[in-house]
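With mmCIF, C-alpha atoms inside, this is data_2.cif:
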```
data_target
loop_
_atom_site.label_atom_id
_atom_site.label_comp_id
_atom_site.auth_asym_id
_atom_site.auth_seq_id
_atom_site.Cartn_x
_atom_site.Cartn_y
_atom_site.Cartn_z
CA MET A 1 28.71 263.30 156.98
CA PHE A 2 26.88 262.17 160.08
CA ASP A 3 26.62 258.70 158.57
CA SER A 4 30.38 258.43 159.08
CA LEU A 5 29.78 258.67 162.83
CA ASP A 6 27.33 255.76 162.60
CA ILE A 7 29.88 253.80 160.60
CA GLY A 8 32.49 254.54 163.27
CA ALA A 9 30.15 253.51 166.07
CA SER A 10 29.51 250.17 164.39
CA GLY A 11 33.26 249.65 164.07
CA LEU A 12 33.84 250.41 167.75
CA ALA A 13 31.11 247.99 168.81
CA ALA A 14 32.42 245.21 166.57
CA GLN A 15 36.03 245.57 167.74
CA ARG A 16 34.92 245.70 171.36
CA THR A 17 33.01 242.43 170.97
CA ARG A 18 36.09 240.97 169.33
CA MET A 19 38.26 242.09 172.26
CA ASP A 20 35.81 240.57 174.73
CA THR A 21 35.94 237.27 172.88
CA ILE A 22 39.74 237.29 172.80
CA ALA A 23 39.89 238.12 176.53
CA ASN A 24 37.54 235.24 177.25
CA ASN A 25 39.77 232.90 175.27
CA ILE A 26 42.90 233.99 177.13
CA LEU A 27 41.30 233.67 180.54
CA ASN A 28 39.95 230.20 179.73
CA ALA A 29 43.12 228.87 178.12
CA ARG A 30 43.39 226.05 180.67
CA THR A 31 39.72 225.45 181.50
CA THR A 32 38.65 221.80 181.51
CA ARG A 33 35.24 222.13 183.15
CA ASN A 34 32.09 223.94 182.06
CA ALA A 35 30.11 226.48 184.09
CA ALA A 36 27.97 223.79 185.78
CA GLY A 37 31.05 221.87 186.90
CA GLY A 38 30.69 219.05 184.39
CA LYS A 39 33.62 217.80 182.33
CA GLU A 40 33.84 219.90 179.16
CA THR A 41 36.98 221.44 177.78
CA TYR A 42 36.63 225.06 176.74
CA ARG A 43 36.57 225.50 172.98
CA ARG A 44 38.16 228.62 171.46
CA LYS A 45 35.65 231.21 170.20
CA PHE A 46 36.10 233.68 167.40
CA VAL A 47 33.94 236.46 165.96
CA VAL A 48 32.68 236.41 162.39
CA LEU A 49 32.64 239.97 161.06
CA ALA A 50 30.42 241.02 158.19
CA PRO A 51 29.96 244.38 156.41
CA GLY A 52 26.83 246.41 157.11
CA GLN A 53 25.47 247.80 160.34
CA ALA A 54 23.89 245.50 162.89
CA ASN A 55 20.35 246.80 162.54
CA ASP A 56 20.56 247.50 158.79
CA PRO A 57 23.09 245.46 156.78
CA SER A 58 22.56 247.60 153.69
CA LYS A 59 24.14 250.64 155.36
CA PRO A 60 27.95 250.80 155.33
CA GLY A 61 29.71 249.65 158.48
CA VAL A 62 30.67 246.41 160.16
CA HIS A 63 28.98 244.10 162.62
CA VAL A 64 29.52 240.77 164.34
CA GLN A 65 27.46 238.24 162.47
CA GLU A 66 28.02 235.44 164.97
CA ILE A 67 30.48 234.11 167.51
CA ASP A 68 31.66 230.75 166.26
CA SER A 69 33.57 227.92 167.94
CA ASP A 70 36.94 226.89 166.59
CA GLN A 71 36.73 223.21 165.65
CA THR A 72 40.46 222.44 165.70
CA ALA A 73 41.45 219.58 167.96
CA PHE A 74 42.11 220.02 171.65
CA ARG A 75 45.69 219.86 172.91
CA LYS A 76 46.36 216.70 174.80
CA GLU A 77 48.78 216.64 177.72
CA TYR A 78 49.89 213.53 179.56
CA ASP A 79 48.90 213.94 183.21
CA PRO A 80 47.41 210.74 184.72
CA GLY A 81 47.03 212.31 188.15
CA HIS A 82 44.65 215.03 186.90
CA PRO A 83 40.98 214.47 187.89
CA ASP A 84 39.94 215.14 184.26
CA ALA A 85 42.39 212.70 182.68
CA ASP A 86 40.89 210.13 180.31
CA ALA A 87 41.51 206.36 180.32
CA GLN A 88 44.96 206.73 178.73
CA GLY A 89 45.98 209.46 181.20
CA TYR A 90 45.68 212.37 178.77
CA VAL A 91 43.95 215.64 179.67
CA SER A 92 42.32 217.61 176.86
CA TYR A 93 43.20 221.29 177.16
CA PRO A 94 41.51 224.09 175.16
CA ASN A 95 42.68 224.79 171.62
CA VAL A 96 43.72 228.30 172.67
CA ASP A 97 47.20 229.57 171.74
CA THR A 98 47.80 232.59 173.94
CA ALA A 99 50.43 233.96 171.57
CA ILE A 100 47.93 234.08 168.70
CA GLU A 101 45.29 235.56 170.99
CA THR A 102 47.68 238.32 172.07
CA VAL A 103 48.47 239.23 168.47
CA ASP A 104 44.75 239.26 167.66
CA ALA A 105 44.19 241.52 170.65
CA MET A 106 46.80 243.94 169.34
CA GLU A 107 45.15 243.99 165.94
CA ALA A 108 41.71 244.60 167.43
CA SER A 109 43.15 247.39 169.56
CA ARG A 110 44.78 249.01 166.52
CA ALA A 111 41.54 248.81 164.55
CA TYR A 112 39.69 250.37 167.49
CA GLU A 113 42.14 253.28 167.66
CA ALA A 114 41.98 253.80 163.90
CA THR A 115 38.18 253.99 164.12
CA VAL A 116 38.41 256.55 166.93
CA THR A 117 40.81 258.65 164.83
CA MET A 118 38.41 258.44 161.91
CA MET A 119 35.57 259.73 164.09
CA ASP A 120 37.77 262.61 165.27
CA VAL A 121 38.47 263.54 161.66
CA THR A 122 34.73 263.39 160.91
CA LYS A 123 34.02 265.75 163.78
CA SER A 124 36.64 268.21 162.59
CA MET A 125 35.15 268.20 159.10
CA ILE A 126 31.64 268.80 160.44
CA ASN A 127 32.93 271.63 162.64
CA ALA A 128 34.68 273.18 159.63
CA SER A 129 31.38 273.13 157.73
CA LEU A 130 29.67 274.85 160.66
CA ARG A 131 32.14 277.74 160.37
CA LEU A 132 30.67 278.56 156.98
CA ILE A 133 27.70 280.21 158.62
CA ALA A 134 29.39 281.43 161.78
CA MET B 1 19.59 285.92 137.02
CA PHE B 2 22.31 288.32 138.01
CA ILE B 3 22.19 287.04 141.57
CA ASP B 4 22.93 283.63 140.09
CA ARG B 5 25.97 285.04 138.33
CA MET B 6 27.16 286.79 141.45
CA LEU B 7 26.94 283.66 143.55
CA ASN B 8 28.48 281.38 140.94
CA GLU B 9 31.34 283.41 139.58
CA GLY B 10 34.99 282.66 140.13
CA SER B 11 36.01 279.65 142.08
CA THR B 12 32.85 279.30 144.22
CA PRO B 13 31.16 276.46 142.29
CA LEU B 14 34.43 274.54 142.08
CA LEU B 15 34.91 274.84 145.82
CA GLU B 16 31.32 273.71 146.44
CA GLN B 17 31.91 270.59 144.38
CA MET B 18 35.17 269.94 146.17
CA VAL B 19 33.40 270.06 149.54
CA ARG B 20 30.71 267.68 148.35
CA PHE B 21 33.20 265.27 146.82
CA THR B 22 35.49 265.14 149.86
CA ALA B 23 32.49 264.56 152.14
CA ALA B 24 31.29 261.64 150.00
CA ARG B 25 34.78 260.17 149.81
CA HIS B 26 35.20 260.43 153.58
CA GLU B 27 32.23 258.14 154.10
CA LEU B 28 33.71 255.48 151.83
CA ILE B 29 37.08 255.66 153.57
CA ALA B 30 35.28 255.39 156.92
CA ALA B 31 33.60 252.17 155.79
CA ASP B 32 36.98 250.86 154.59
CA VAL B 33 38.58 251.62 157.97
CA VAL B 34 36.01 249.80 160.10
CA ASN B 35 36.03 246.82 157.72
CA ILE B 36 39.80 246.43 157.79
CA SER B 37 39.57 242.96 159.35
CA THR B 38 36.37 241.77 157.68
CA PRO B 39 37.28 238.80 155.48
CA GLY B 40 36.40 239.13 151.78
CA TYR B 41 35.58 242.84 152.01
CA LYS B 42 36.41 244.82 148.87
CA GLN B 43 37.56 248.34 149.64
CA LYS B 44 35.81 251.16 147.83
CA ASP B 45 37.05 254.62 146.89
CA LEU B 46 36.18 257.63 144.74
CA ASP B 47 38.55 258.59 141.97
CA LEU B 48 40.07 261.95 142.85
CA GLY B 49 41.87 262.26 139.51
CA ALA B 50 38.68 261.78 137.50
CA PHE B 51 36.87 264.33 139.65
CA GLN B 52 39.55 266.97 139.19
CA HIS B 53 39.59 266.29 135.46
CA ILE B 54 35.84 266.83 135.13
CA LEU B 55 36.11 269.96 137.27
CA ALA B 56 38.77 271.37 134.95
CA GLU B 57 36.64 270.61 131.89
CA ARG B 58 33.59 272.36 133.34
CA ALA B 59 35.68 275.38 134.33
CA GLU B 60 36.99 275.68 130.78
CA GLN B 61 33.49 275.39 129.35
CA ARG B 62 32.32 278.10 131.66
CA ASP B 63 35.22 280.37 130.76
CA SER B 64 34.44 280.08 127.07
CA SER B 65 30.65 280.17 127.13
CA GLY B 66 29.72 282.20 130.19
CA PRO B 67 28.62 281.29 133.73
CA GLU B 68 24.91 281.00 132.91
CA ASN B 69 25.41 278.13 130.52
CA VAL B 70 27.39 275.73 132.60
CA ASP B 71 26.06 273.77 135.55
CA PHE B 72 28.43 272.24 138.05
CA SER B 73 25.90 270.41 140.14
CA ASP B 74 25.57 267.28 138.01
CA ILE B 75 29.18 266.28 138.52
CA ASP B 76 28.15 263.96 141.33
CA GLN B 77 26.38 261.61 138.96
CA GLU B 78 29.50 261.24 136.89
CA VAL B 79 32.08 260.67 139.61
CA ASP B 80 30.29 259.36 142.65
CA GLU B 81 30.33 255.73 141.61
CA PRO B 82 32.21 253.94 144.37
CA ARG B 83 34.72 251.70 142.68
CA GLY B 84 35.79 248.50 144.33
CA MET B 85 39.14 247.06 143.29
CA LEU B 86 40.61 250.41 142.44
CA PHE B 87 44.08 248.94 142.50
CA HIS B 88 45.51 246.88 139.67
CA ASP B 89 46.95 244.07 141.72
CA GLY B 90 43.67 243.60 143.58
CA ALA B 91 45.39 244.18 146.91
CA ASN B 92 43.49 246.29 149.33
CA ARG B 93 45.01 249.33 150.92
CA SER B 94 46.70 248.83 154.24
CA MET B 95 45.57 250.68 157.33
CA ASP B 96 48.45 253.16 156.92
CA GLN B 97 47.44 254.02 153.36
CA LEU B 98 43.81 254.42 154.45
CA MET B 99 44.73 256.77 157.30
CA SER B 100 46.94 258.86 155.05
CA ASP B 101 44.23 259.08 152.37
CA GLN B 102 41.74 260.05 155.03
CA ALA B 103 44.00 262.80 156.38
CA LYS B 104 44.60 264.25 152.92
CA ASN B 105 40.91 264.14 152.13
CA ALA B 106 39.98 265.88 155.38
CA LEU B 107 42.59 268.58 154.75
CA MET B 108 41.22 269.24 151.26
CA HIS B 109 37.72 269.43 152.71
CA ASN B 110 38.68 271.93 155.39
CA VAL B 111 40.71 274.05 152.96
CA ALA B 112 37.81 274.19 150.51
CA ILE B 113 35.41 275.21 153.29
CA GLU B 114 37.79 277.91 154.47
CA LEU B 115 38.18 279.35 150.97
CA LEU B 116 34.41 279.17 150.39
CA ARG B 117 33.83 281.01 153.63
CA GLN B 118 36.26 283.71 152.57
CA GLN B 119 34.44 284.15 149.22
CA PHE B 120 31.08 284.63 150.90
CA GLN B 121 32.62 286.95 153.45
CA THR B 122 34.02 289.19 150.69
CA LEU B 123 30.58 289.38 149.08
CA GLU B 124 29.01 290.29 152.42
CA LEU B 125 31.68 292.93 152.95
CA ALA B 126 30.90 294.50 149.58
CA LEU B 127 27.21 294.56 150.44
CA LYS B 128 27.80 296.12 153.84
CA GLU B 129 29.97 298.85 152.24
CA ARG B 130 31.93 299.20 155.41
CA VAL B 131 35.08 297.32 156.33
CA SER B 132 33.87 296.41 159.80
CA MET C 1 24.61 313.11 138.70
CA ILE C 2 27.34 314.77 140.69
CA ASP C 3 30.71 313.16 140.31
CA PRO C 4 32.41 313.19 143.72
CA THR C 5 35.86 312.83 142.22
CA SER C 6 35.55 316.00 140.14
CA ASN C 7 34.45 317.89 143.24
CA LEU C 8 37.53 316.64 145.01
CA ALA C 9 39.72 317.69 142.08
CA VAL C 10 38.43 321.24 142.55
CA THR C 11 39.09 321.27 146.29
CA ARG C 12 42.47 319.62 145.76
CA ALA C 13 43.68 322.55 143.70
CA SER C 14 43.34 324.91 146.70
CA ILE C 15 44.89 322.63 149.31
CA PRO C 16 48.58 321.69 149.44
CA THR C 17 48.44 317.99 148.77
CA ALA C 18 50.58 315.30 150.35
CA PRO C 19 50.89 312.24 148.11
CA SER C 20 48.91 309.63 150.02
CA THR C 21 47.60 307.70 147.04
CA PRO C 22 46.84 303.99 147.36
CA SER C 23 49.57 303.07 144.91
CA GLY C 24 52.13 304.54 147.29
CA ALA C 25 54.37 305.92 144.56
CA GLY C 26 55.46 309.53 144.56
CA GLU C 27 53.15 310.91 141.90
CA THR C 28 53.94 314.16 140.15
CA GLY C 29 51.29 316.82 139.90
CA GLY C 30 50.27 315.59 136.41
CA THR C 31 48.25 312.55 137.55
CA SER C 32 44.86 313.24 138.99
CA PHE C 33 43.48 311.46 142.01
CA ALA C 34 40.75 310.03 139.81
CA ASP C 35 43.32 308.30 137.61
CA THR C 36 45.09 306.84 140.63
CA LEU C 37 41.80 305.60 141.98
CA LYS C 38 40.91 303.94 138.69
CA LYS C 39 44.32 302.29 138.55
CA SER C 40 43.83 300.99 142.06
CA ILE C 41 40.46 299.53 141.15
CA ASP C 42 42.10 297.74 138.21
CA GLU C 43 44.83 296.50 140.53
CA VAL C 44 42.32 295.08 142.99
CA SER C 45 40.42 293.44 140.16
CA ARG C 46 43.65 291.88 138.87
CA LEU C 47 44.56 290.56 142.31
CA GLN C 48 41.10 289.03 142.66
CA GLN C 49 41.42 287.38 139.26
CA ASP C 50 44.80 285.96 140.28
CA ALA C 51 43.38 284.65 143.53
CA SER C 52 40.42 283.11 141.73
CA SER C 53 42.65 281.31 139.20
CA ALA C 54 44.96 280.11 141.97
CA VAL C 55 42.01 278.63 143.88
CA GLU C 56 40.64 277.02 140.71
CA ASP C 57 44.04 275.45 140.04
CA LEU C 58 44.10 274.08 143.57
CA ALA C 59 40.60 272.61 143.18
CA GLU C 60 41.53 271.02 139.84
CA GLY C 61 44.68 269.52 141.27
CA LYS C 62 46.95 271.48 138.92
CA THR C 63 49.02 272.89 141.77
CA ASP C 64 50.31 271.68 145.09
CA ASN C 65 51.36 275.10 146.34
CA MET C 66 48.90 275.60 149.17
CA SER C 67 50.79 278.53 150.71
CA GLY C 68 50.95 280.29 147.35
CA VAL C 69 47.20 280.04 146.93
CA MET C 70 46.56 281.26 150.47
CA THR C 71 48.92 284.21 149.98
CA ALA C 72 47.18 285.22 146.76
CA VAL C 73 43.78 285.01 148.45
CA GLU C 74 44.93 287.04 151.43
CA LYS C 75 46.50 289.70 149.19
CA SER C 76 43.32 290.11 147.17
CA ASP C 77 41.29 290.26 150.37
CA LEU C 78 43.47 293.00 151.87
CA ALA C 79 43.49 294.98 148.62
CA PHE C 80 39.71 294.80 148.45
CA LYS C 81 39.32 295.89 152.07
CA THR C 82 41.73 298.79 151.47
CA LEU C 83 39.71 299.93 148.47
CA LEU C 84 36.53 299.64 150.51
CA ALA C 85 38.02 301.75 153.31
CA ILE C 86 39.14 304.40 150.81
CA ARG C 87 35.67 304.43 149.28
CA ALA C 88 34.13 304.88 152.74
CA LYS C 89 36.44 307.81 153.45
CA LEU C 90 35.63 309.35 150.06
CA MET C 91 31.88 309.04 150.68
CA ASP C 92 32.28 310.59 154.13
CA ALA C 93 34.28 313.46 152.64
CA TYR C 94 31.67 313.93 149.93
CA ASP C 95 28.87 314.01 152.50
CA GLU C 96 30.78 316.61 154.47
CA ILE C 97 31.34 318.79 151.43
CA LYS C 98 27.70 318.41 150.41
CA GLY C 99 26.73 319.70 153.86
CA ILE C 100 28.63 322.95 153.41
CA SER C 101 26.00 325.57 152.88
CA VAL C 102 26.88 328.07 150.22
#
```
Exercise: express the given structure as structure tokens:
Amino acid sequence: MFDSLDIGASGLAAQRTRMDTIANNILNARTTRNAAGGKETYRRKFVVLAPGQANDPSKPGVHVQEIDSDQTAFRKEYDPGHPDADAQGYVSYPNVDTAIETVDAMEASRAYEATVTMMDVTKSMINASLRLIA
Amino acid sequence: MFIDRMLNEGSTPLLEQMVRFTAARHELIAADVVNISTPGYKQKDLDLGAFQHILAERAEQRDSSGPENVDFSDIDQEVDEPRGMLFHDGANRSMDQLMSDQAKNALMHNVAIELLRQQFQTLELALKERVS
Amino acid sequence: MIDPTSNLAVTRASIPTAPSTPSGAGETGGTSFADTLKKSIDEVSRLQQDASSAVEDLAEGKTDNMSGVMTAVEKSDLAFKTLLAIRAKLMDAYDEIKGISV
């Protein structure tokens, strides 16, 4: 019974990491420089989920195996006046589609809520068992 | 001996098995819920119908041959095999189906516990010989 | 072994009785209290059997009628508690009678 709480905790952690990644994508949807100031267009990141808990993949649960970069091509916009424009006048913008990111965020949020509900149900079942001796 | 009979008569062993089964099934449903967006994950479940069938069989055996001869506690080996791909078309259950299964399972669990508690309470009452 | 019910039958003969038997029906003078008590015990046993079968049916999935099962369980519980209370009163009465010095 208490294992279900561990399973729920792993789910919450995984969905939270996913939300963080999605938020990062949305905020950097137009970023054309890297952290040091050099020219590097931001590449969309996504989480790779795998079953099993983070510290013990044989136990049931879910965890983030890695955070991968999306290799689809950058979006090119014609803007010769931009400081980051290339020789032909095109600026490479990140391969982030905010509409898709928003839908992903909604799905992650729904999964998070479902996990919280599941943990509530687990607690009610454990409390019911306690009443056997009370 | 007779204490065994007293503690195992009536619906008590059936309720005990129901509690154990619903607890085991809850864990599987929990794993299914958190893995709802994991690609390639096969959902697992315990077969409620098979469990109830075995329970009915054991109860009949006990009714015909007496409570000492029938053991309910080995049911878990027969039913607790988590089955992936429980559904014919291979489609996994949606989040709504999972939540509804989970709610039903939790209700059965709590009902069984409540009834079990009432059984033990009646026994205690008889031993105390006073109503309060 | 003194039978408390036969003692009560003796005392009952000298006291005008009001019918306050557990079955609640207006008994005529022909039925003894002992008979009524035995019938009540059978009744409680029957109610407990019914409750037990109802719960078994619920566990086996043969019925969906949760409220029916709960009602049966509650009825058997109340009947048992009533019988227990009557027994307690009987034992108290017996103790009292035993204490009467002859």
Of the listed residues B:Ala103, B:Leu14, B:Leu7, B:Ala50, that which approaches chain A most closely, counting all atoms listed in the file: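 Among the listed residues, the smallest separation from chain A belongs to B:Ala103.
Atom CA of Asn65 of chain C is found 18.5 Å from atom CA of Gln118 of chain B.
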Residues returned when the PyMOL selection byres ((chain B) within 7 of (chain C)) runs on this file, as a list in words: Gly10, Ser11, Leu14, Leu15, Met18, Gln52, His53, Leu55, Ala56, Glu129, Arg130 and Val131 of chain B
Spatial neighbours of segment 131-133 of chain A, 8 Å, all atoms listed in the file, chain gap at least 6 places, as a ChimeraX atom specification: /B:113-114,116-117
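Taking atom CA of Ile67 of chain A as the reference point, atom CA of Ile29 of chain B is found at 26.5 Å.
The spacing separating atom CA of Val111 of chain B from atom CA of Asp32 of chain B amounts to 23.5 Å.
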At a cut-off of 12 Å, which residues of chain B touch chain A? Count all atoms listed in the file and give the answer as a short mmCIF file (atom, residue, chain, number, x, y, z; two decimals) with C-alpha atoms, keeping the file's coordinate frame.
```cif
data_model
loop_
_atom_site.label_atom_id
_atom_site.label_comp_id
_atom_site.auth_asym_id
_atom_site.auth_seq_id
_atom_site.Cartn_x
_atom_site.Cartn_y
_atom_site.Cartn_z
CA GLU B 16 31.32 273.71 146.44
CA VAL B 19 33.40 270.06 149.54
CA ARG B 20 30.71 267.68 148.35
CA PHE B 21 33.20 265.27 146.82
CA THR B 22 35.49 265.14 149.86
CA ALA B 23 32.49 264.56 152.14
CA ALA B 24 31.29 261.64 150.00
CA ARG B 25 34.78 260.17 149.81
CA HIS B 26 35.20 260.43 153.58
CA GLU B 27 32.23 258.14 154.10
CA LEU B 28 33.71 255.48 151.83
CA ILE B 29 37.08 255.66 153.57
CA ALA B 30 35.28 255.39 156.92
CA ALA B 31 33.60 252.17 155.79
CA ASP B 32 36.98 250.86 154.59
CA VAL B 33 38.58 251.62 157.97
CA VAL B 34 36.01 249.80 160.10
CA ASN B 35 36.03 246.82 157.72
CA ILE B 36 39.80 246.43 157.79
CA SER B 37 39.57 242.96 159.35
CA THR B 38 36.37 241.77 157.68
CA PRO B 39 37.28 238.80 155.48
CA GLY B 40 36.40 239.13 151.78
CA TYR B 41 35.58 242.84 152.01
CA LYS B 42 36.41 244.82 148.87
CA GLN B 43 37.56 248.34 149.64
CA LYS B 44 35.81 251.16 147.83
CA SER B 94 46.70 248.83 154.24
CA MET B 95 45.57 250.68 157.33
CA ASP B 96 48.45 253.16 156.92
CA GLN B 97 47.44 254.02 153.36
CA LEU B 98 43.81 254.42 154.45
CA MET B 99 44.73 256.77 157.30
CA SER B 100 46.94 258.86 155.05
CA ASP B 101 44.23 259.08 152.37
CA GLN B 102 41.74 260.05 155.03
CA ALA B 103 44.00 262.80 156.38
CA LYS B 104 44.60 264.25 152.92
CA ASN B 105 40.91 264.14 152.13
CA ALA B 106 39.98 265.88 155.38
CA LEU B 107 42.59 268.58 154.75
CA MET B 108 41.22 269.24 151.26
CA HIS B 109 37.72 269.43 152.71
CA ASN B 110 38.68 271.93 155.39
CA VAL B 111 40.71 274.05 152.96
CA ALA B 112 37.81 274.19 150.51
CA ILE B 113 35.41 275.21 153.29
CA GLU B 114 37.79 277.91 154.47
CA LEU B 115 38.18 279.35 150.97
CA LEU B 116 34.41 279.17 150.39
CA ARG B 117 33.83 281.01 153.63
CA GLN B 118 36.26 283.71 152.57
CA GLN B 119 34.44 284.15 149.22
CA PHE B 120 31.08 284.63 150.90
CA GLN B 121 32.62 286.95 153.45
CA GLU B 124 29.01 290.29 152.42
#
```
Result set, the PyMOL selection byres ((chain C and resi 40) around 10) on current file, as number ranges by chain: C: 21-23, 34-39, 41-46, 79-80, 82-83
Shell around segment 91-104 of chain A at 8 Å using all atoms listed in the file, local window under 5 positions removed, as a ChimeraX atom specification: /A:22,25-26,28-32,41-44,70,72-80,82,84-86
Emit as JSON the padded axis-aligned box for all listed atoms of segment 7-23 of chain A, 5 Å per side, with centre and edge lengths in Å to one decimal.
```
{"center_x": 34.7, "center_y": 245.9, "center_z": 168.6, "size_x": 20.4, "size_y": 27.3, "size_z": 25.9}
```
Within 10 Å of Ile54 of chain B using all atoms listed in the file, minus same-chain residues under 2 positions, as a list in words: Gly49, Ala50, Phe51, Gln52, Ala56, Glu57, Arg58, Ala59, Glu60, Phe72, Ile75, Glu78 and Val79 of chain B; Glu60 of chain C
N, CA and C atoms are needed for segment 50-73 of chain C; please write them out as a PDB file, in the coordinates of the input.
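Final output, selection.pdb:
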```
ATOM      1  N   ASP C  50      43.692 286.873 139.969  1.00  0.00           N
ATOM      2  CA  ASP C  50      44.800 285.960 140.280  1.00  0.00           C
ATOM      3  C   ASP C  50      44.398 284.981 141.363  1.00  0.00           C
ATOM      4  N   ALA C  51      43.784 285.519 142.425  1.00  0.00           N
ATOM      5  CA  ALA C  51      43.380 284.650 143.530  1.00  0.00           C
ATOM      6  C   ALA C  51      42.397 283.600 143.043  1.00  0.00           C
ATOM      7  N   SER C  52      41.433 284.038 142.220  1.00  0.00           N
ATOM      8  CA  SER C  52      40.420 283.110 141.730  1.00  0.00           C
ATOM      9  C   SER C  52      41.062 281.993 140.901  1.00  0.00           C
ATOM     10  N   SER C  53      41.995 282.352 140.001  1.00  0.00           N
ATOM     11  CA  SER C  53      42.650 281.310 139.200  1.00  0.00           C
ATOM     12  C   SER C  53      43.474 280.383 140.078  1.00  0.00           C
ATOM     13  N   ALA C  54      44.155 280.953 141.078  1.00  0.00           N
ATOM     14  CA  ALA C  54      44.960 280.110 141.970  1.00  0.00           C
ATOM     15  C   ALA C  54      44.069 279.090 142.677  1.00  0.00           C
ATOM     16  N   VAL C  55      42.917 279.557 143.177  1.00  0.00           N
ATOM     17  CA  VAL C  55      42.010 278.630 143.880  1.00  0.00           C
ATOM     18  C   VAL C  55      41.477 277.584 142.916  1.00  0.00           C
ATOM     19  N   GLU C  56      41.139 277.994 141.694  1.00  0.00           N
ATOM     20  CA  GLU C  56      40.640 277.020 140.710  1.00  0.00           C
ATOM     21  C   GLU C  56      41.702 275.976 140.419  1.00  0.00           C
ATOM     22  N   ASP C  57      42.962 276.412 140.280  1.00  0.00           N
ATOM     23  CA  ASP C  57      44.040 275.450 140.040  1.00  0.00           C
ATOM     24  C   ASP C  57      44.169 274.467 141.186  1.00  0.00           C
ATOM     25  N   LEU C  58      44.020 274.970 142.410  1.00  0.00           N
ATOM     26  CA  LEU C  58      44.100 274.080 143.570  1.00  0.00           C
ATOM     27  C   LEU C  58      42.984 273.055 143.530  1.00  0.00           C
ATOM     28  N   ALA C  59      41.747 273.525 143.201  1.00  0.00           N
ATOM     29  CA  ALA C  59      40.600 272.610 143.180  1.00  0.00           C
ATOM     30  C   ALA C  59      40.771 271.567 142.087  1.00  0.00           C
ATOM     31  N   GLU C  60      41.376 271.960 140.951  1.00  0.00           N
ATOM     32  CA  GLU C  60      41.530 271.020 139.840  1.00  0.00           C
ATOM     33  C   GLU C  60      42.752 270.158 139.992  1.00  0.00           C
ATOM     34  N   GLY C  61      43.516 270.371 141.052  1.00  0.00           N
ATOM     35  CA  GLY C  61      44.680 269.520 141.270  1.00  0.00           C
ATOM     36  C   GLY C  61      45.878 269.909 140.444  1.00  0.00           C
ATOM     37  N   LYS C  62      45.835 271.102 139.797  1.00  0.00           N
ATOM     38  CA  LYS C  62      46.950 271.480 138.920  1.00  0.00           C
ATOM     39  C   LYS C  62      48.124 272.022 139.719  1.00  0.00           C
ATOM     40  N   THR C  63      47.907 272.373 140.984  1.00  0.00           N
ATOM     41  CA  THR C  63      49.020 272.890 141.770  1.00  0.00           C
ATOM     42  C   THR C  63      49.004 272.276 143.147  1.00  0.00           C
ATOM     43  N   ASP C  64      50.197 272.203 143.732  1.00  0.00           N
ATOM     44  CA  ASP C  64      50.310 271.680 145.090  1.00  0.00           C
ATOM     45  C   ASP C  64      50.614 272.775 146.082  1.00  0.00           C
ATOM     46  N   ASN C  65      50.803 274.008 145.547  1.00  0.00           N
ATOM     47  CA  ASN C  65      51.360 275.100 146.340  1.00  0.00           C
ATOM     48  C   ASN C  65      50.275 275.736 147.188  1.00  0.00           C
ATOM     49  N   MET C  66      49.973 275.101 148.306  1.00  0.00           N
ATOM     50  CA  MET C  66      48.900 275.600 149.170  1.00  0.00           C
ATOM     51  C   MET C  66      49.210 276.987 149.680  1.00  0.00           C
ATOM     52  N   SER C  67      50.457 277.229 150.133  1.00  0.00           N
ATOM     53  CA  SER C  67      50.790 278.530 150.710  1.00  0.00           C
ATOM     54  C   SER C  67      50.703 279.629 149.651  1.00  0.00           C
ATOM     55  N   GLY C  68      51.059 279.305 148.418  1.00  0.00           N
ATOM     56  CA  GLY C  68      50.950 280.290 147.350  1.00  0.00           C
ATOM     57  C   GLY C  68      49.522 280.723 147.133  1.00  0.00           C
ATOM     58  N   VAL C  69      48.625 279.740 147.131  1.00  0.00           N
ATOM     59  CA  VAL C  69      47.200 280.040 146.930  1.00  0.00           C
ATOM     60  C   VAL C  69      46.687 280.903 148.073  1.00  0.00           C
ATOM     61  N   MET C  70      47.038 280.514 149.304  1.00  0.00           N
ATOM     62  CA  MET C  70      46.560 281.260 150.470  1.00  0.00           C
ATOM     63  C   MET C  70      47.077 282.690 150.447  1.00  0.00           C
ATOM     64  N   THR C  71      48.354 282.860 150.051  1.00  0.00           N
ATOM     65  CA  THR C  71      48.920 284.210 149.980  1.00  0.00           C
ATOM     66  C   THR C  71      48.165 285.048 148.964  1.00  0.00           C
ATOM     67  N   ALA C  72      47.904 284.468 147.795  1.00  0.00           N
ATOM     68  CA  ALA C  72      47.180 285.220 146.760  1.00  0.00           C
ATOM     69  C   ALA C  72      45.804 285.631 147.259  1.00  0.00           C
ATOM     70  N   VAL C  73      45.122 284.707 147.944  1.00  0.00           N
ATOM     71  CA  VAL C  73      43.780 285.010 148.450  1.00  0.00           C
ATOM     72  C   VAL C  73      43.841 286.127 149.479  1.00  0.00           C
TER      73      VAL C  73
END
```
